$ cat upload-v6.txt   # compact mmCIF, C-alpha atoms
# COMPACT_ATOMS: atom_id res chain seq x y z
CA MET V 1 76.04 101.86 81.20
CA GLN V 2 77.85 103.83 78.52
CA VAL V 3 80.90 105.57 79.99
CA LEU V 4 83.49 107.89 78.49
CA ILE V 5 86.90 108.08 80.16
CA TYR V 6 88.28 111.55 79.35
CA GLY V 7 92.02 111.07 79.87
CA GLY V 8 93.98 107.86 79.37
CA GLY V 9 96.53 108.22 82.16
CA ALA V 10 97.00 105.83 85.06
CA VAL V 11 93.80 106.78 86.92
CA GLY V 12 91.68 106.79 83.77
CA LEU V 13 92.88 103.36 82.67
CA GLY V 14 92.49 102.00 86.21
CA ILE V 15 88.84 103.04 86.41
CA ALA V 16 88.25 101.90 82.82
CA SER V 17 89.51 98.45 83.76
CA CYS V 18 86.97 98.22 86.60
CA LEU V 19 84.04 99.18 84.38
CA LEU V 20 85.14 96.77 81.65
CA ASN V 21 85.55 94.03 84.25
CA SER V 22 81.94 94.51 85.33
CA GLY V 23 80.64 94.35 81.76
CA HIS V 24 79.95 97.98 80.88
CA ARG V 25 80.65 99.78 77.62
CA VAL V 26 83.70 102.05 77.84
CA ASP V 27 85.21 104.55 75.42
CA ILE V 28 88.58 106.15 76.20
CA LEU V 29 89.81 109.55 75.03
CA ALA V 30 93.62 109.57 75.14
CA ARG V 31 96.76 110.92 73.48
CA ALA V 32 97.76 109.39 70.15
CA ASP V 33 100.57 107.16 71.47
CA THR V 34 98.35 105.74 74.21
CA CYS V 35 95.42 105.33 71.84
CA ASN V 36 97.49 103.45 69.27
CA LEU V 37 98.75 100.93 71.83
CA LEU V 38 95.28 100.42 73.30
CA LYS V 39 93.81 99.85 69.85
CA ASN V 40 96.54 97.45 68.79
CA GLU V 41 97.33 95.56 71.98
CA GLY V 42 94.46 96.15 74.41
CA LEU V 43 94.45 97.22 78.05
CA PHE V 44 96.38 95.39 80.79
CA ARG V 45 95.81 95.73 84.54
CA GLU V 46 97.98 94.31 87.30
CA GLY V 47 98.58 94.90 91.00
CA ILE V 48 96.94 94.30 94.34
CA PHE V 49 93.48 93.61 92.87
CA GLY V 50 94.70 90.98 90.42
CA LYS V 51 95.42 90.75 86.71
CA SER V 52 92.99 91.52 83.90
CA TYR V 53 93.28 91.89 80.15
CA PHE V 54 90.84 93.61 77.81
CA PRO V 55 91.40 93.08 74.07
CA PRO V 56 90.68 96.00 71.69
CA PRO V 57 87.17 94.85 70.66
CA LYS V 58 86.05 95.26 74.29
CA PHE V 59 86.35 99.06 74.16
CA SER V 60 86.94 101.98 71.80
CA CYS V 61 89.66 104.62 71.92
CA PHE V 62 89.77 108.11 70.41
CA THR V 63 92.15 111.04 70.33
CA ASP V 64 89.43 113.62 69.67
CA LEU V 65 85.73 113.76 70.49
CA LYS V 66 85.09 114.61 66.83
CA GLU V 67 86.25 111.07 65.95
CA ILE V 68 83.09 109.68 67.51
CA THR V 69 81.28 109.81 64.17
CA ASN V 70 78.22 107.97 65.43
CA PRO V 71 78.01 109.74 68.78
CA GLN V 72 77.29 107.65 71.84
CA LYS V 73 75.04 109.13 74.47
CA TYR V 74 77.03 108.60 77.63
CA ASP V 75 75.56 107.99 81.06
CA TYR V 76 78.79 109.12 82.71
CA ILE V 77 81.83 111.08 81.60
CA LEU V 78 84.81 110.60 83.90
CA VAL V 79 87.35 113.43 83.74
CA CYS V 80 90.76 111.94 84.51
CA VAL V 81 93.10 114.67 83.24
CA LYS V 82 95.53 116.75 85.31
CA SER V 83 93.92 119.68 87.09
CA TYR V 84 95.69 122.24 84.92
CA ASP V 85 93.86 120.72 81.92
CA SER V 86 90.42 121.13 83.52
CA PHE V 87 89.50 124.28 81.61
CA ASN V 88 90.41 122.79 78.24
CA ALA V 89 88.54 119.58 79.07
CA ALA V 90 85.43 121.48 80.16
CA CYS V 91 85.54 123.58 76.96
CA ASP V 92 85.97 120.50 74.80
CA LEU V 93 83.10 118.64 76.41
CA SER V 94 80.79 121.66 76.31
CA GLU V 95 81.42 122.00 72.55
CA ASN V 96 80.40 118.38 71.98
CA ARG V 97 76.99 118.26 73.63
CA GLU V 98 75.84 115.60 71.18
CA ILE V 99 77.54 112.96 73.35
CA PHE V 100 75.42 113.97 76.37
CA LYS V 101 72.09 112.58 77.44
CA GLU V 102 69.74 114.87 79.29
CA ASN V 103 70.95 113.39 82.59
CA THR V 104 74.61 112.63 81.80
CA ARG V 105 76.79 113.15 84.87
CA VAL V 106 80.39 114.37 84.78
CA ILE V 107 82.57 112.92 87.56
CA LEU V 108 85.90 114.61 88.25
CA PHE V 109 88.67 112.14 89.16
CA GLN V 110 91.20 114.89 89.87
CA ASN V 111 93.53 116.28 92.52
CA GLY V 112 93.25 119.53 94.39
CA TRP V 113 90.62 122.21 94.83
CA GLY V 114 88.98 124.29 92.10
CA ASN V 115 88.17 121.78 89.37
CA ALA V 116 84.43 121.72 90.06
CA GLU V 117 84.31 125.52 89.90
CA ILE V 118 85.89 125.40 86.43
CA PHE V 119 83.31 122.91 85.18
CA LEU V 120 80.56 125.00 86.75
CA GLN V 121 81.32 127.66 84.14
CA PHE V 122 80.08 125.24 81.46
CA PHE V 123 77.68 122.81 83.14
CA PRO V 124 74.92 123.02 85.79
CA LYS V 125 75.58 121.89 89.35
CA SER V 126 73.31 118.90 88.81
CA GLN V 127 75.77 117.41 86.32
CA ILE V 128 79.03 117.83 88.27
CA TYR V 129 80.29 115.30 90.80
CA ASN V 130 83.68 114.72 92.42
CA ALA V 131 85.63 111.58 93.22
CA ARG V 132 88.09 111.25 96.07
CA VAL V 133 90.73 108.67 95.21
CA ILE V 134 93.49 107.49 97.56
CA THR V 135 94.40 104.44 95.53
CA GLY V 136 97.83 104.28 93.93
CA PHE V 137 97.98 103.85 90.15
CA LEU V 138 101.12 103.52 88.02
CA ARG V 139 101.34 103.34 84.23
CA PRO V 140 104.63 101.60 83.34
CA GLN V 141 103.48 101.31 79.73
CA LYS V 142 100.98 103.43 77.81
CA ASN V 143 98.41 100.60 77.82
CA LYS V 144 99.20 99.03 81.19
CA VAL V 145 98.08 100.16 84.64
CA VAL V 146 99.33 98.77 87.96
CA ILE V 147 97.35 99.31 91.18
CA THR V 148 100.03 99.62 93.85
CA VAL V 149 98.24 100.59 97.05
CA HIS V 150 94.70 101.14 98.30
CA ALA V 151 94.04 103.19 101.44
CA ASP V 152 90.25 103.54 101.28
CA SER V 153 87.23 103.18 98.99
CA ILE V 154 86.82 105.63 96.13
CA HIS V 155 84.22 108.15 97.28
CA ILE V 156 81.81 109.88 94.88
CA GLY V 157 79.67 112.87 95.81
CA SER V 158 78.53 116.40 95.02
CA LEU V 159 80.15 119.59 96.29
CA PHE V 160 76.88 121.38 95.54
CA GLY V 161 74.48 119.29 97.61
CA GLU V 162 72.98 117.48 94.63
CA ASP V 163 71.22 114.12 94.94
CA CYS V 164 73.63 111.18 94.86
CA ALA V 165 71.27 108.20 95.15
CA PHE V 166 71.30 107.46 91.40
CA LEU V 167 75.11 106.99 91.56
CA LYS V 168 74.62 103.57 93.14
CA GLU V 169 74.74 101.77 89.78
CA PHE V 170 78.04 103.44 88.97
CA THR V 171 79.69 102.82 92.34
CA GLN V 172 78.56 99.19 92.29
CA ALA V 173 80.04 98.75 88.80
CA VAL V 174 83.44 100.08 89.90
CA SER V 175 83.35 97.90 93.03
CA GLN V 176 82.39 94.78 91.09
CA GLY V 177 85.23 95.55 88.70
CA GLY V 178 87.86 95.39 91.41
CA ILE V 179 88.19 98.65 93.37
CA PRO V 180 85.84 99.41 96.28
CA CYS V 181 83.75 102.49 95.52
CA GLU V 182 80.87 104.14 97.38
CA ILE V 183 78.64 107.18 97.47
CA TYR V 184 79.76 109.81 99.97
CA PRO V 185 77.38 112.80 100.10
CA ASP V 186 79.73 115.04 102.13
CA ILE V 187 82.58 114.75 99.61
CA GLN V 188 83.86 118.22 100.55
CA LYS V 189 85.26 116.81 103.81
CA ASP V 190 87.16 114.14 101.89
CA ILE V 191 88.62 116.59 99.41
CA TRP V 192 89.82 118.94 102.13
CA ALA V 193 91.34 116.00 104.02
CA LYS V 194 93.31 115.15 100.91
CA MET V 195 94.21 118.84 100.45
CA LEU V 196 95.65 118.98 103.98
CA TYR V 197 97.79 115.92 103.31
CA ASN V 198 98.97 117.00 99.85
CA CYS V 199 99.65 120.64 100.73
CA ALA V 200 101.71 119.69 103.77
CA LEU V 201 103.83 117.09 101.99
CA ASN V 202 103.73 117.42 98.22
CA SER V 203 105.45 120.74 97.56
CA LEU V 204 107.89 120.57 100.49
CA GLY V 205 108.99 117.07 99.46
CA ALA V 206 109.49 118.34 95.90
CA ILE V 207 111.52 121.38 96.93
CA LEU V 208 113.79 119.36 99.21
CA ASN V 209 113.91 116.36 96.85
CA VAL V 210 113.13 113.80 99.56
CA PRO V 211 110.44 111.18 100.24
CA TYR V 212 107.70 112.07 102.70
CA GLY V 213 109.21 110.26 105.69
CA LYS V 214 112.28 112.49 105.69
CA LEU V 215 110.13 115.56 106.25
CA ALA V 216 109.06 114.33 109.68
CA GLU V 217 112.60 113.68 110.90
CA GLN V 218 113.62 117.29 111.53
CA GLU V 219 111.97 119.90 113.71
CA ASP V 220 112.26 122.64 111.08
CA THR V 221 110.39 120.75 108.37
CA ARG V 222 107.77 119.63 110.87
CA ARG V 223 107.26 123.28 111.80
CA VAL V 224 106.69 124.17 108.15
CA MET V 225 104.13 121.37 107.72
CA ASN V 226 102.37 122.29 110.97
CA ASN V 227 101.97 125.89 109.85
CA VAL V 228 100.77 124.89 106.38
CA VAL V 229 98.02 122.85 108.06
CA ARG V 230 97.10 125.66 110.48
CA GLU V 231 96.81 128.14 107.62
CA ILE V 232 94.52 125.79 105.70
CA TYR V 233 92.26 125.45 108.73
CA GLU V 234 92.03 129.25 108.93
CA VAL V 235 91.03 129.38 105.26
CA MET V 236 88.47 126.58 105.70
CA ASP V 237 86.96 128.37 108.68
CA ARG V 238 86.63 131.69 106.82
CA LYS V 239 85.22 130.00 103.70
CA SER V 240 82.83 127.74 105.71
CA TYR V 241 84.48 124.53 104.55
CA SER V 242 85.15 121.60 106.85
CA THR V 243 86.88 118.24 107.06
CA HIS V 244 86.86 115.18 109.31
CA TRP V 245 88.92 116.75 112.12
CA SER V 246 87.62 119.89 113.79
CA THR V 247 91.01 121.40 114.71
CA PRO V 248 94.51 121.40 113.21
CA GLN V 249 95.79 119.73 116.37
CA GLU V 250 93.43 116.78 115.87
CA TYR V 251 94.50 116.45 112.25
CA LEU V 252 98.23 116.69 113.01
CA GLU V 253 97.99 113.91 115.59
CA VAL V 254 96.55 111.58 112.93
CA PHE V 255 98.92 112.94 110.30
CA TYR V 256 102.09 112.10 112.24
CA SER V 257 100.88 108.88 113.85
CA ARG V 258 99.12 107.22 110.91
CA LEU V 259 98.97 109.05 107.58
CA LEU V 260 102.60 110.04 107.08
CA PRO V 261 104.21 106.77 108.32
CA ALA V 262 102.06 104.79 105.88
CA THR V 263 103.56 106.72 102.96
CA ALA V 264 107.04 107.41 104.34
CA GLU V 265 108.80 106.07 101.22
CA HIS V 266 106.56 107.87 98.77
CA GLU V 267 107.88 110.67 96.57
CA SER V 268 105.46 113.44 95.71
CA SER V 269 103.82 113.74 92.33
CA THR V 270 105.14 117.31 92.16
CA LEU V 271 108.70 116.06 92.55
CA GLN V 272 108.14 113.47 89.82
CA ASP V 273 106.66 116.12 87.50
CA LEU V 274 109.59 118.48 88.09
CA ARG V 275 112.10 115.72 87.39
CA GLU V 276 110.39 114.94 84.11
CA GLY V 277 110.15 118.61 83.10
CA LYS V 278 106.35 118.57 83.28
CA ARG V 279 103.90 121.11 84.57
CA THR V 280 102.81 120.48 88.17
CA GLU V 281 99.39 120.73 89.82
CA ILE V 282 100.61 123.25 92.42
CA ASP V 283 98.01 125.84 91.35
CA PHE V 284 95.30 123.47 92.62
CA LEU V 285 97.14 122.59 95.85
CA ASN V 286 98.99 125.29 97.84
CA GLY V 287 98.12 127.72 95.05
CA ALA V 288 94.42 127.12 95.64
CA VAL V 289 94.91 127.84 99.35
CA VAL V 290 96.64 131.12 98.48
CA LYS V 291 93.80 132.07 96.11
CA LEU V 292 91.05 131.28 98.62
CA ALA V 293 92.93 133.14 101.37
CA GLY V 294 93.14 136.21 99.15
CA GLU V 295 89.38 136.15 98.65
CA VAL V 296 88.81 136.59 102.40
CA GLY V 297 91.81 138.82 103.19
CA LEU V 298 93.88 136.18 104.97
CA SER V 299 97.67 135.92 104.90
CA VAL V 300 99.03 132.39 104.39
CA PRO V 301 102.82 132.90 104.24
CA TYR V 302 103.82 129.24 104.51
CA ASN V 303 101.53 128.10 101.72
CA TYR V 304 102.49 131.14 99.63
CA THR V 305 106.23 130.50 100.02
CA LEU V 306 105.91 126.83 99.02
CA TYR V 307 103.72 127.82 96.07
CA VAL V 308 106.09 130.44 94.64
CA ILE V 309 109.16 128.21 95.03
CA VAL V 310 107.50 125.34 93.18
CA LYS V 311 106.31 127.75 90.47
CA PHE V 312 109.89 128.99 90.09
CA LEU V 313 111.22 125.43 89.77
CA GLU V 314 108.44 124.55 87.34
CA LYS V 315 109.14 127.51 85.07
CA LYS V 316 112.88 126.84 85.23
CA ARG V 317 112.42 123.25 84.07
CA LEU V 318 109.83 124.11 81.43
CA ALA V 319 112.01 126.86 79.94
$ encode --input "upload-v6.txt" --output "structure tokens"
Amino acid sequence: MQVLIYGGGAVGLGIASCLLNSGHRVDILARADTCNLLKNEGLFREGIFGKSYFPPPKFSCFTDLKEITNPQKYDYILVCVKSYDSFNAACDLSENREIFKENTRVILFQNGWGNAEIFLQFFPKSQIYNARVITGFLRPQKNKVVITVHADSIHIGSLFGEDCAFLKEFTQAVSQGGIPCEIYPDIQKDIWAKMLYNCALNSLGAILNVPYGKLAEQEDTRRVMNNVVREIYEVMDRKSYSTHWSTPQEYLEVFYSRLLPATAEHESSTLQDLREGKRTEIDFLNGAVVKLAGEVGLSVPYNYTLYVIVKFLEKKRLA
């Protein structure tokens, strides 16, 4: 397979390492500093799935699609940029159709809800697939990725009911390269499960500047999280979406007994972004819930309050 990794962050390099490990051809589109290190020193992977090293001749790295002077025709393009960069990525890819085969698939390795809809403005449903990732990736150096935790297989599927059978070669390649990966036709349920978890914990942990476990210790913060979850279930019901638990009560039982304790020491990505003065992905988390609620005339005050507070903090730090 010929695969383009669009985004050389921790997730992109982690998936690239799997495909390289299983013998496939990989090109990486990354920022200049990352690209320079990858070209000069290669790609390093460490962590719970072992160590690997890929010298520069094993892959190519670019900072711009225009640099691919003898365009490859990619079987898969994996979008591994932050959700707020989805529109720019979709534009860029759509303006460089020469790198596409007739049946090239675009797989979105991104957080939140709304990325597929952005790509749908530029590509047909048959080309767009989503990945659900609950594996922990860190990038301590620009050309080094560490896999820190793995909760479940990477799931790949279509939000639009498209055929997924042909994805078997891709999922097998990722699995053979070190991280379990499988086809999951009902990927919507997975993405909303991750939305429930992230919307309940991510923004509240960032606002209060605490790890996830602290949020469960007080009745007031538990009440906030409970209501965030209930509001999301109302939105899912009105928009005809679903997840693995049929009621908020069922989800909250699992949330407090299993999901939250397993990540009690974790600090949210939103908190980390705010600390570093970076833009957050809140528009695709609680912000997406607010947007969907507005489309069906629902009020979601808990999600809205968390959203506007994080947006205030984000703008304050970016100013």
$ residues_around --input "upload-v6.txt" --residues "Val228 of chain V" --least-positions-apart "6" --cutoff "7 Å" --atoms "all atoms listed in the file" --output "PyMOL selection string"
chain V and resi 200+302-303
$ atom_distance --input "upload-v6.txt" --atom1 "atom CA of Ser60 of chain V" --atom2 "atom CA of His150 of chain V"
27.6 Å
$ residues_near_point --input "upload-v6.txt" --point "(85.2, 113.0, 68.6)" --cutoff "10 Å" --atoms "all atoms listed in the file" --output "ChimeraX atom specification"
/V:29,62-71,92-93,96,99
$ write_last_selection --input "upload-v6.txt" --atoms "C-alpha atoms" --output "PDB file, in the coordinates of the input"
ATOM      1  CA  LEU V  29      89.810 109.550  75.030  1.00  0.00           C
ATOM      2  CA  PHE V  62      89.770 108.110  70.410  1.00  0.00           C
ATOM      3  CA  THR V  63      92.150 111.040  70.330  1.00  0.00           C
ATOM      4  CA  ASP V  64      89.430 113.620  69.670  1.00  0.00           C
ATOM      5  CA  LEU V  65      85.730 113.760  70.490  1.00  0.00           C
ATOM      6  CA  LYS V  66      85.090 114.610  66.830  1.00  0.00           C
ATOM      7  CA  GLU V  67      86.250 111.070  65.950  1.00  0.00           C
ATOM      8  CA  ILE V  68      83.090 109.680  67.510  1.00  0.00           C
ATOM      9  CA  THR V  69      81.280 109.810  64.170  1.00  0.00           C
ATOM     10  CA  ASN V  70      78.220 107.970  65.430  1.00  0.00           C
ATOM     11  CA  PRO V  71      78.010 109.740  68.780  1.00  0.00           C
ATOM     12  CA  ASP V  92      85.970 120.500  74.800  1.00  0.00           C
ATOM     13  CA  LEU V  93      83.100 118.640  76.410  1.00  0.00           C
ATOM     14  CA  ASN V  96      80.400 118.380  71.980  1.00  0.00           C
ATOM     15  CA  ILE V  99      77.540 112.960  73.350  1.00  0.00           C
TER      16      ILE V  99
END
$ atom_distance --input "upload-v6.txt" --atom1 "atom CA of Ser126 of chain V" --atom2 "atom CA of Arg105 of chain V"
7.8 Å
$ closest_residue --input "upload-v6.txt" --among "V:Gly7, V:Pro248, V:Gly42, V:Gly157" --to "Ala89 of chain V" --atoms "only C-alpha atoms"
V:Gly7
$ atom_distance --input "upload-v6.txt" --atom1 "atom CA of Lys125 of chain V" --atom2 "atom CA of Leu298 of chain V"
28.0 Å
$ closest_residue --input "upload-v6.txt" --among "V:Ala131, V:Leu259, V:Leu43, V:Ile77" --to "Leu159 of chain V" --atoms "only C-alpha atoms"
V:Ala131
$ closest_atom_pairs --input "upload-v6.txt" --of "segment 155-204 of chain V" --to "segment 73-76 of chain V" --cutoff "12 Å" --atoms "only C-alpha atoms" --output "CSV"
residue,atom,partner,partner_atom,distance
V:Phe166,CA,V:Asp75,CA,11.2
V:Leu167,CA,V:Tyr76,CA,9.8
V:Glu169,CA,V:Asp75,CA,10.7
V:Phe170,CA,V:Tyr76,CA,8.5
V:Thr171,CA,V:Tyr76,CA,11.5
$ residues_near_point --input "upload-v6.txt" --point "(88.4, 101.9, 75.0)" --cutoff "6 Å" --atoms "only C-alpha atoms" --output "ChimeraX atom specification"
/V:26-28,59-61
$ residues_around --input "upload-v6.txt" --residues "Glu267 of chain V" --least-positions-apart "3" --cutoff "10 Å" --atoms "all atoms listed in the file" --output "mmCIF file with C-alpha atoms, in the frame of the given file"
data_model
loop_
_atom_site.group_PDB
_atom_site.id
_atom_site.type_symbol
_atom_site.label_atom_id
_atom_site.label_comp_id
_atom_site.auth_asym_id
_atom_site.auth_seq_id
_atom_site.Cartn_x
_atom_site.Cartn_y
_atom_site.Cartn_z
ATOM 1 C CA LEU V 201 103.830 117.090 101.990
ATOM 2 C CA ASN V 202 103.730 117.420 98.220
ATOM 3 C CA GLY V 205 108.990 117.070 99.460
ATOM 4 C CA ALA V 206 109.490 118.340 95.900
ATOM 5 C CA ASN V 209 113.910 116.360 96.850
ATOM 6 C CA VAL V 210 113.130 113.800 99.560
ATOM 7 C CA PRO V 211 110.440 111.180 100.240
ATOM 8 C CA TYR V 212 107.700 112.070 102.700
ATOM 9 C CA GLY V 213 109.210 110.260 105.690
ATOM 10 C CA THR V 263 103.560 106.720 102.960
ATOM 11 C CA ALA V 264 107.040 107.410 104.340
ATOM 12 C CA THR V 270 105.140 117.310 92.160
ATOM 13 C CA LEU V 271 108.700 116.060 92.550
ATOM 14 C CA GLN V 272 108.140 113.470 89.820
#
$ closest_residue --input "upload-v6.txt" --among "V:Tyr129, V:Phe255, V:Phe109, V:Tyr307" --to "Gly12 of chain V" --atoms "only C-alpha atoms"
V:Phe109
$ residues_around --input "upload-v6.txt" --residues "segment 179-185 of chain V" --least-positions-apart "5" --cutoff "10 Å" --atoms "all atoms listed in the file" --output "compact mmCIF listing (two decimals) with C-alpha atoms, in the coordinates of the input"
# COMPACT_ATOMS: atom_id res chain seq x y z
CA GLY V 14 92.49 102.00 86.21
CA ILE V 15 88.84 103.04 86.41
CA SER V 17 89.51 98.45 83.76
CA CYS V 18 86.97 98.22 86.60
CA LEU V 19 84.04 99.18 84.38
CA ILE V 48 96.94 94.30 94.34
CA PHE V 49 93.48 93.61 92.87
CA ASN V 130 83.68 114.72 92.42
CA ALA V 131 85.63 111.58 93.22
CA ARG V 132 88.09 111.25 96.07
CA VAL V 133 90.73 108.67 95.21
CA THR V 135 94.40 104.44 95.53
CA ILE V 147 97.35 99.31 91.18
CA HIS V 150 94.70 101.14 98.30
CA ASP V 152 90.25 103.54 101.28
CA SER V 153 87.23 103.18 98.99
CA ILE V 154 86.82 105.63 96.13
CA HIS V 155 84.22 108.15 97.28
CA ILE V 156 81.81 109.88 94.88
CA GLY V 157 79.67 112.87 95.81
CA SER V 158 78.53 116.40 95.02
CA LEU V 159 80.15 119.59 96.29
CA PHE V 160 76.88 121.38 95.54
CA GLY V 161 74.48 119.29 97.61
CA GLU V 162 72.98 117.48 94.63
CA ASP V 163 71.22 114.12 94.94
CA CYS V 164 73.63 111.18 94.86
CA ALA V 165 71.27 108.20 95.15
CA PHE V 166 71.30 107.46 91.40
CA LEU V 167 75.11 106.99 91.56
CA LYS V 168 74.62 103.57 93.14
CA PHE V 170 78.04 103.44 88.97
CA THR V 171 79.69 102.82 92.34
CA GLN V 172 78.56 99.19 92.29
CA ALA V 173 80.04 98.75 88.80
CA VAL V 174 83.44 100.08 89.90
CA ASP V 190 87.16 114.14 101.89
$ closest_residue --input "upload-v6.txt" --among "V:Phe122, V:Trp113, V:Trp245, V:Phe312" --to "Val289 of chain V" --atoms "all atoms listed in the file"
V:Trp113
$ residues_around --input "upload-v6.txt" --residues "Arg25 of chain V" --least-positions-apart "3" --cutoff "8 Å" --atoms "all atoms listed in the file" --output "number ranges by chain"
V: 1-3, 19-20, 58-59
$ residues_around --input "upload-v6.txt" --residues "Ser269 of chain V" --least-positions-apart "5" --cutoff "12 Å" --atoms "only C-alpha atoms" --output "list of chain:residue names"
V:Lys82, V:Asn111, V:Gly136, V:Phe137, V:Leu138, V:Asn198, V:Cys199, V:Leu201, V:Asn202, V:Ser203, V:Leu204, V:Gly205, V:Ala206, V:Ile207, V:Asn209, V:Val210, V:Pro211, V:Tyr212, V:Leu274, V:Arg275, V:Glu276, V:Lys278, V:Arg279, V:Thr280, V:Glu281, V:Ile282, V:Leu285
$ closest_residue --input "upload-v6.txt" --among "V:Gln188, V:Glu41, V:Asp237, V:Phe284" --to "Ser83 of chain V" --atoms "only C-alpha atoms"
V:Phe284
